[in-house]
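*Asks:* I'd like to ask some things about the structure below.
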Amino acid sequence: MAAVTPLLETSVLSRSFGGLRAVDAVNFSLESGEIRAIIGPNGAGKTTFVSLVCGRIPPTSGAIRFAGEDITMLPAHRRVRRGIAYTFQITSVYANLTAFDNVALAVQRRLLDEPQEKASRPALAAATMDALERLGLAERADTIAGTLSYGHQRLLEVAMGLALKPRLLILDEPTQGLSDGEIDNFIGLVRDMARDSTVLLIEHNMPVVMALAGRITVFDAGRILAEGAPEVIRADPAVQQAYLGTAAT
Amino acid sequence: MTGEAGAVAATRKPRHRRAAAGSRMTAGRAVALHAGVIALLFVLQFVLPAYHHGVLARVMVLAVFAMGYNLLFGYAGLLSLGHAMFFAAGLYGAGLSVYHLGWSVPAAFAGGILAGLVLSTLIGLLALRTTGVAFMIVTMMFAQVFYLTTLYFNVWTGGDQGIVVPQPLRSVTAFGGTLDLTDPATRYFAALGLFTLVLAAMLALVRSPHGRVLVAIRENEQRTTMLGYDTFANKLAAVAVSGAVCAAAGAAYALLFGYVGSSFASVQYSILPLLWVLLGGAATTLGPLVGTLFMYYLIDISNDLLAAWAPGWNFSSLGIVGIALILLILFFPKGLLGTVRERWLTWLP
Ligand SMILES: Nc1ncnc2c1ncn2[C@@H]1O[C@H](COP(=O)(O)OP(=O)(O)OP(=O)(O)O)[C@@H](O)[C@H]1O
Ligand SMILES: [Mg+2]
């Protein structure tokens with residue numbers, strides 16, 4: 001059997017904060033083209049786990065491989081350039097810059113790495129407006145990001161991730177603060193993005209997870225509790241006990 | 001675009017084309033404004049009385065110092081309290097090599113800039129391990145070490161007495177002629193040349209991708225890293241270039257005004273560029289000139305006022321200066337040009 005190299009692979013990856021094992025010997029693997037959801041109760045270590053993957057925080061031990069190469073020691077900005085994009089759980093945009101300038105900074109980084117696609121101003125503006133349009137923010141291109149509504153700031157952050165054209169897009173609770181209508185659009189958008197990128201989605205909103213995820217990984221107390229297709233996870237008694245117990249009926 | 005024709009054109013164009021056209025338009029306006037300022041400074045030398053002529057030459061050199069500071073503080077958001085050492089590195093680098101080693105003026109000028117560049121790169125490598133208040137303190141400590149060093153080696157530096165570089169050493173021989181940098185007209189012209197060069201470079205830099213990354217680091221460093229930018233390398237480059245520009249001002253000061261002394265390495269000369277930039281408007285290209293000019297005349301006029309109204313009282317003019325600064329910050333919280341940009345001219349670079 002010809003083993004296909006997973007896009008992302010972690011082996012016994014751990015991170016402790018003092019005595020707390022926020023991520024505890026996690027072996028995780030993600031195939032190219034997947035939409036994978038990570039769910040789990042508050043404090044399960046989901047954000048810490050993806051922060052290790054994107055390089056925001058260093059691991060205590062363990063290894064991370066991306067597209068077949070060891071990236072454990074690679075600084076975060078170099079991982080982004082290899083194709084890992086991360087949207088923060090706590091919104092992190094350039095509050096004093098316009099929505100356009102926020103996205104343009106992401107586009108500029110990508111164009112600098114693509115010599116054939118010249119980093120000219122028209123190319124920059126076109127790609128930037130394209131990303132804003134996909135998130136429905138084109139009308140607000142000239143608005144200062146800090147004055148946008150919370151939901152629009154979340155979408156702006158996704159636009160920045162999308163503008164990087166990543167191989168792996170990590171979304172940390174992207175629908176938090178969105179209205180129902182915005183969530184419906186968002187589901188369509190993630191499906192659309194998944195045609196070019198592998199998506200790793202941390203999400204508390206179960207309908208969103210069920211609508212999007214091909215597979216689900218359940219975290220609890222820093223470990224992977226279960227992993228499988230949505231129907232399997234939904235029926236798993238251990239998962240219901242730890243997490244879905246109150247949410248699913 | 002104004003009027004109906006503009007509105008129609010705007011609706012017809014796809015939106016991204018409009019954004020691109022907009023940035024071209026502000027670029028045109030910005031370049032025109034900067035060219036106008038240079039032209040004004042050029043013309044002023046023929047009409048100004050001798051005293052103000054001399055002041056302006058000095059202010060232009062100090063404004064270069066302020067522009068170097070503004071690059072790091074205004075655009076990259078790094079508050080250094082040690083930039084006197086970069087100005088002084090240029091000052092001593094040029095002054096001492098002319099005075100002791102007999103270097104020509106161009107070689108000494110280049111030597112001064114190089115001294116500043118090497119020093120600022122080293123300081124950047126060390127100080128950028130810290131941020132915020134720690135960065136302020138570390139840069140201040142390094143500058144203090146530099147200052148004490150200039151005093152310690154007073155055999156060569158002249159200590160706080162300083163060195164006066166004699167006239168014959170301050171002339172350039174080129175193209176068969178001799179330029180005497182002690183001649184007021186030549187001096188003004190040299191100062192204007194340096195100022196123009198640095199202003200143009202700053203304008204180009206802040207509009208370039210690199211300049212936009214510096215602003216991004218100032219606004220949200222973590223986000224900038226997660227967009228794939230090496231923020232440390234960008235900050236290091238900003239410290240290095242900022243130091244080199246300040247050193248260019250110091251070198252020009254030594255060669256044009258002929259005085260090299262340790263007071264220029266003292267903490268006062270680390271605070272002054274911060275004040276000039278805050279007054280003129282941080283992260284504005286012309287703010288450093290406006291702030292330096294304003295401060296110079298504010299002190300000058302305060303001294304005159306005191307001499308006229310309270311002769312023999314031996315008051316310091318600093319009281320008047322302080323009150324003026326407080327009023328200014330109240331009404332122009334982002335500095336003169338920073339507030340003008342915020343309220344009226346949003347396209348100002
Ligand atoms: N920087 C930190 N310092 C100390 N403890 C931390 C830090 N970051 C996270 N933790 C702790 O690690 C554990 C896991 O946190 P993490 O943010 O990864 O959880 P999460 O699964 O993303 O939770 P949520 O669903 O609330 O976002 C928590 O107990 C948290 O308090
Ligand atoms: Mg989290």
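By order in the structure tokens, chains are A, B, ...; within a chain, residues start at 1; ligands start at 1, following the order shown.
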Give as a list of chain:residue names the residues surrounding ligand 1 up to a distance of 7 Å, considering only C-alpha atoms and all ligand atoms.
*Replies:*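 Within the 7 Å cut-off, the matching residues are A:Phe17, A:Leu20, A:Ala22, A:Gly40, A:Pro41, A:Asn42, A:Gly43, A:Ala44, A:Gly45, A:Lys46, A:Thr47, A:Thr48, A:Phe49.
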*Asks:* Residues of chain A near chain B: apply a cut-off of 9 Å, count only C-alpha atoms, and supply the list as number ranges by chain.
*Replies:* A: 54-56, 75-82, 85-88, 92-97, 102, 105-106, 108-110, 121-122, 124-130, 138, 160-161, 164
*Asks:* Would you list the contacts of range 187-196 of chain A as a list in words, taking every protein, DNA or RNA residue within 7 Å and counting only C-alpha atoms, but skipping same-chain residues closer than 6 positions in sequence?
*Replies:*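 Within the cut-off, the hits are Gly33, Ile35, Val208 and Leu212 of chain A.
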*Asks:* May I have the residues within 6 Å of Leu168 in chain A as number ranges by chain, using only C-alpha atoms and disregarding those fewer than 3 positions away in the same chain?
*Replies:* A: 84, 197-199
*Asks:* Mind listing the alpha helix (DSSP H) residues of range 166-283 of chain B, per DSSP on the backbone, as a PyMOL selection string?
*Replies:* chain B and resi 184-207+209-219+221-225+231-257+268-280
*Asks:* Identify which of the residues A:Asp236, A:Glu227, A:Glu157, A:Glu69 lies closest to Gly214 in chain A, counting only C-alpha atoms when measuring atom-to-atom distances.
*Replies:*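 Closest residue, counting only C-alpha atoms: A:Glu227.
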*Asks:* Compare B:Ile38, B:Leu48, B:Ile326, B:Ala89 by their minimum atom-to-atom distance to Tyr147 in chain B, counting only C-alpha atoms, and give me the closest one.
*Replies:*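 Once distances to Tyr147 in chain B are computed over only C-alpha atoms, the minimum belongs to B:Ala89.
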*Asks:* Could you name the residues that touch Asp180 in chain B at 7 Å or less, counting only C-alpha atoms, but leaving out those on the same chain fewer than 3 positions away, as a list in words?
*Replies:* Arg170, Ser171, Val172, Asp183 and Thr186 of chain B
*Asks:* Do a neighbour search on His152 in chain A at 10 Å with only C-alpha atoms, toss out local chain neighbours closer than 3 positions, and write the hits as a PyMOL selection string.
*Replies:* chain A and resi 99+135-137+140+145-149+155-158+177-178+182
*Asks:* Hey, can you spit out that residue selection with N, CA, C and O atoms as a short mmCIF file (atom, residue, chain, number, x, y, z; two decimals), in the first residue's frame?
*Replies:*
data_model
loop_
_atom_site.label_atom_id
_atom_site.label_comp_id
_atom_site.auth_asym_id
_atom_site.auth_seq_id
_atom_site.Cartn_x
_atom_site.Cartn_y
_atom_site.Cartn_z
N ALA A 99 -9.95 48.28 6.23
CA ALA A 99 -10.13 46.87 5.89
C ALA A 99 -9.26 46.52 4.69
O ALA A 99 -8.62 45.46 4.65
N LEU A 135 -15.69 37.68 1.19
CA LEU A 135 -16.22 37.73 2.55
C LEU A 135 -17.36 38.74 2.68
O LEU A 135 -17.84 39.00 3.78
N GLY A 136 -17.77 39.33 1.56
CA GLY A 136 -18.85 40.31 1.60
C GLY A 136 -18.45 41.62 2.26
O GLY A 136 -19.29 42.33 2.81
N LEU A 137 -17.17 41.94 2.20
CA LEU A 137 -16.70 43.16 2.87
C LEU A 137 -16.29 44.25 1.88
O LEU A 137 -15.76 45.29 2.29
N ARG A 140 -17.04 47.75 2.46
CA ARG A 140 -16.42 48.35 3.65
C ARG A 140 -14.91 48.45 3.51
O ARG A 140 -14.20 48.60 4.51
N ALA A 145 -10.73 49.32 10.36
CA ALA A 145 -11.11 47.99 10.86
C ALA A 145 -11.66 48.03 12.28
O ALA A 145 -12.61 47.32 12.60
N GLY A 146 -11.08 48.89 13.12
CA GLY A 146 -11.53 48.95 14.51
C GLY A 146 -12.96 49.42 14.67
O GLY A 146 -13.58 49.19 15.72
N THR A 147 -13.49 50.08 13.64
CA THR A 147 -14.87 50.58 13.74
C THR A 147 -15.87 49.60 13.12
O THR A 147 -17.08 49.83 13.17
N LEU A 148 -15.38 48.50 12.54
CA LEU A 148 -16.30 47.48 12.00
C LEU A 148 -16.98 46.75 13.15
O LEU A 148 -16.46 46.70 14.27
N SER A 149 -18.14 46.18 12.89
CA SER A 149 -18.81 45.38 13.92
C SER A 149 -17.95 44.15 14.22
O SER A 149 -17.08 43.77 13.45
N LEU A 155 -14.82 38.30 10.05
CA LEU A 155 -14.76 37.99 8.62
C LEU A 155 -13.52 38.60 7.99
O LEU A 155 -12.89 38.01 7.11
N LEU A 156 -13.16 39.81 8.45
CA LEU A 156 -11.95 40.45 7.92
C LEU A 156 -10.73 39.59 8.20
O LEU A 156 -9.86 39.42 7.35
N GLU A 157 -10.72 39.01 9.38
CA GLU A 157 -9.58 38.16 9.73
C GLU A 157 -9.53 36.92 8.84
O GLU A 157 -8.45 36.50 8.41
N VAL A 158 -10.69 36.38 8.54
CA VAL A 158 -10.72 35.23 7.62
C VAL A 158 -10.26 35.66 6.23
O VAL A 158 -9.52 34.94 5.55
N GLY A 177 -19.77 35.09 17.29
CA GLY A 177 -20.19 36.48 17.11
C GLY A 177 -20.84 36.77 15.77
O GLY A 177 -21.18 37.92 15.49
N LEU A 178 -20.99 35.76 14.91
CA LEU A 178 -21.67 35.99 13.63
C LEU A 178 -23.17 35.78 13.79
O LEU A 178 -23.61 34.95 14.59
N GLU A 182 -25.09 35.33 8.56
CA GLU A 182 -23.64 35.35 8.27
C GLU A 182 -23.06 33.95 8.38
O GLU A 182 -22.17 33.58 7.62
#
*Asks:* From a backbone DSSP assignment, name each residue in range 109-204 of chain B labelled strand (DSSP E), as a list of chain:residue names.
*Replies:*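 Going through range 109-204 of chain B, the strand (DSSP E) residues come out as B:Ile163, B:Val164, B:Ser171, B:Val172, B:Thr173, B:Ala174, B:Gly177, B:Thr178, B:Leu179, B:Asp180.
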*Asks:* Counting only C-alpha atoms, which of B:His210, B:His100, B:His83, B:Arg129 gets nearest to Ser242 in chain B?
*Replies:*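 Closest residue, counting only C-alpha atoms: B:His83.
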*Asks:* Please identify all polymer residues within 8 Å of Gly62 in chain A, counting only C-alpha atoms, omitting same-chain residues fewer than 2 positions from it, and present them as a list in words.
*Replies:*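 Counting only the stated atoms, we get Thr10, Ser11, Val12, Leu13, Ser14, Ala25, Pro59, Thr60 and Ile64 of chain A.
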*Asks:* Store the residues of this selection in a file with all heavy atoms, as a PDB file, in the first residue's frame.
*Replies:*
ATOM      1  N   THR A  10       1.537  15.361  13.680  1.00  0.00           N
ATOM      2  CA  THR A  10       2.262  15.655  14.920  1.00  0.00           C
ATOM      3  C   THR A  10       2.516  14.350  15.635  1.00  0.00           C
ATOM      4  O   THR A  10       1.680  13.441  15.596  1.00  0.00           O
ATOM      5  CB  THR A  10       1.464  16.578  15.860  1.00  0.00           C
ATOM      6  OG1 THR A  10       0.366  15.854  16.418  1.00  0.00           O
ATOM      7  CG2 THR A  10       0.920  17.796  15.126  1.00  0.00           C
ATOM      8  N   SER A  11       3.698  14.232  16.269  1.00  0.00           N
ATOM      9  CA  SER A  11       3.959  13.019  17.031  1.00  0.00           C
ATOM     10  C   SER A  11       4.339  13.372  18.459  1.00  0.00           C
ATOM     11  O   SER A  11       5.190  14.230  18.685  1.00  0.00           O
ATOM     12  CB  SER A  11       5.042  12.176  16.355  1.00  0.00           C
ATOM     13  OG  SER A  11       6.060  12.987  15.845  1.00  0.00           O
ATOM     14  N   VAL A  12       3.659  12.707  19.369  1.00  0.00           N
ATOM     15  CA  VAL A  12       3.736  12.932  20.823  1.00  0.00           C
ATOM     16  C   VAL A  12       3.996  14.398  21.154  1.00  0.00           C
ATOM     17  O   VAL A  12       4.862  14.744  21.939  1.00  0.00           O
ATOM     18  CB  VAL A  12       4.777  12.014  21.521  1.00  0.00           C
ATOM     19  CG1 VAL A  12       4.220  10.613  21.650  1.00  0.00           C
ATOM     20  CG2 VAL A  12       6.107  12.004  20.785  1.00  0.00           C
ATOM     21  N   LEU A  13       3.216  15.268  20.533  1.00  0.00           N
ATOM     22  CA  LEU A  13       3.375  16.707  20.715  1.00  0.00           C
ATOM     23  C   LEU A  13       2.782  17.122  22.065  1.00  0.00           C
ATOM     24  O   LEU A  13       1.634  16.798  22.371  1.00  0.00           O
ATOM     25  CB  LEU A  13       2.658  17.442  19.577  1.00  0.00           C
ATOM     26  CG  LEU A  13       2.911  18.937  19.475  1.00  0.00           C
ATOM     27  CD1 LEU A  13       4.369  19.225  19.145  1.00  0.00           C
ATOM     28  CD2 LEU A  13       2.004  19.555  18.420  1.00  0.00           C
ATOM     29  N   SER A  14       3.588  17.828  22.845  1.00  0.00           N
ATOM     30  CA  SER A  14       3.141  18.237  24.178  1.00  0.00           C
ATOM     31  C   SER A  14       3.501  19.690  24.447  1.00  0.00           C
ATOM     32  O   SER A  14       4.494  20.205  23.934  1.00  0.00           O
ATOM     33  CB  SER A  14       3.801  17.384  25.263  1.00  0.00           C
ATOM     34  OG  SER A  14       3.503  16.030  25.066  1.00  0.00           O
ATOM     35  N   ALA A  25       0.974  14.798  24.637  1.00  0.00           N
ATOM     36  CA  ALA A  25       1.386  13.679  23.777  1.00  0.00           C
ATOM     37  C   ALA A  25       0.386  13.399  22.658  1.00  0.00           C
ATOM     38  O   ALA A  25      -0.127  12.290  22.523  1.00  0.00           O
ATOM     39  CB  ALA A  25       1.614  12.418  24.619  1.00  0.00           C
ATOM     40  N   PRO A  59       6.686  24.035  21.378  1.00  0.00           N
ATOM     41  CA  PRO A  59       6.256  22.871  22.146  1.00  0.00           C
ATOM     42  C   PRO A  59       7.226  22.561  23.275  1.00  0.00           C
ATOM     43  O   PRO A  59       8.385  22.966  23.225  1.00  0.00           O
ATOM     44  CB  PRO A  59       6.261  21.749  21.107  1.00  0.00           C
ATOM     45  CG  PRO A  59       7.263  22.176  20.098  1.00  0.00           C
ATOM     46  CD  PRO A  59       7.264  23.671  20.089  1.00  0.00           C
ATOM     47  N   THR A  60       6.740  21.845  24.273  1.00  0.00           N
ATOM     48  CA  THR A  60       7.624  21.358  25.333  1.00  0.00           C
ATOM     49  C   THR A  60       8.389  20.142  24.824  1.00  0.00           C
ATOM     50  O   THR A  60       9.562  19.974  25.094  1.00  0.00           O
ATOM     51  CB  THR A  60       6.800  20.976  26.578  1.00  0.00           C
ATOM     52  OG1 THR A  60       5.875  22.037  26.852  1.00  0.00           O
ATOM     53  CG2 THR A  60       7.688  20.766  27.782  1.00  0.00           C
ATOM     54  N   ILE A  64       6.535  18.162  14.789  1.00  0.00           N
ATOM     55  CA  ILE A  64       5.494  18.535  13.839  1.00  0.00           C
ATOM     56  C   ILE A  64       6.067  18.410  12.435  1.00  0.00           C
ATOM     57  O   ILE A  64       7.161  18.915  12.155  1.00  0.00           O
ATOM     58  CB  ILE A  64       5.048  20.004  14.062  1.00  0.00           C
ATOM     59  CG1 ILE A  64       4.695  20.251  15.532  1.00  0.00           C
ATOM     60  CG2 ILE A  64       3.866  20.351  13.155  1.00  0.00           C
ATOM     61  CD1 ILE A  64       4.655  21.718  15.891  1.00  0.00           C
TER      62      ILE A  64
END
*Asks:* Pick out the closest residue to Ile216 in chain A from this set: A:Arg21, A:Ser16, A:Leu112, A:Ile38. Count only C-alpha atoms.
*Replies:*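 The closest residue to Ile216 in chain A is A:Ile38.
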*Asks:* Given the choices A:Ala159, A:Val232, A:Ile202, A:Ala67, which gets closest to ligand 2 if the distance is worked out from only C-alpha atoms and all ligand atoms?
*Replies:*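 That would be A:Ile202, the residue with the smallest distance to ligand 2.
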*Asks:* Name the closest residue to ligand 2 among the candidates A:Ala63, A:Leu171, A:Val103, A:Ile71; distances are taken between atoms, counting only C-alpha atoms and all ligand atoms.
*Replies:* A:Leu171
*Asks:* Which value, in Å to one decimal, gives the distance between CA of Val98 in chain B and CA of Phe264 in chain B?
*Replies:*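 So the two atoms, CA of Val98 in chain B and CA of Phe264 in chain B, lie 17.9 Å apart.
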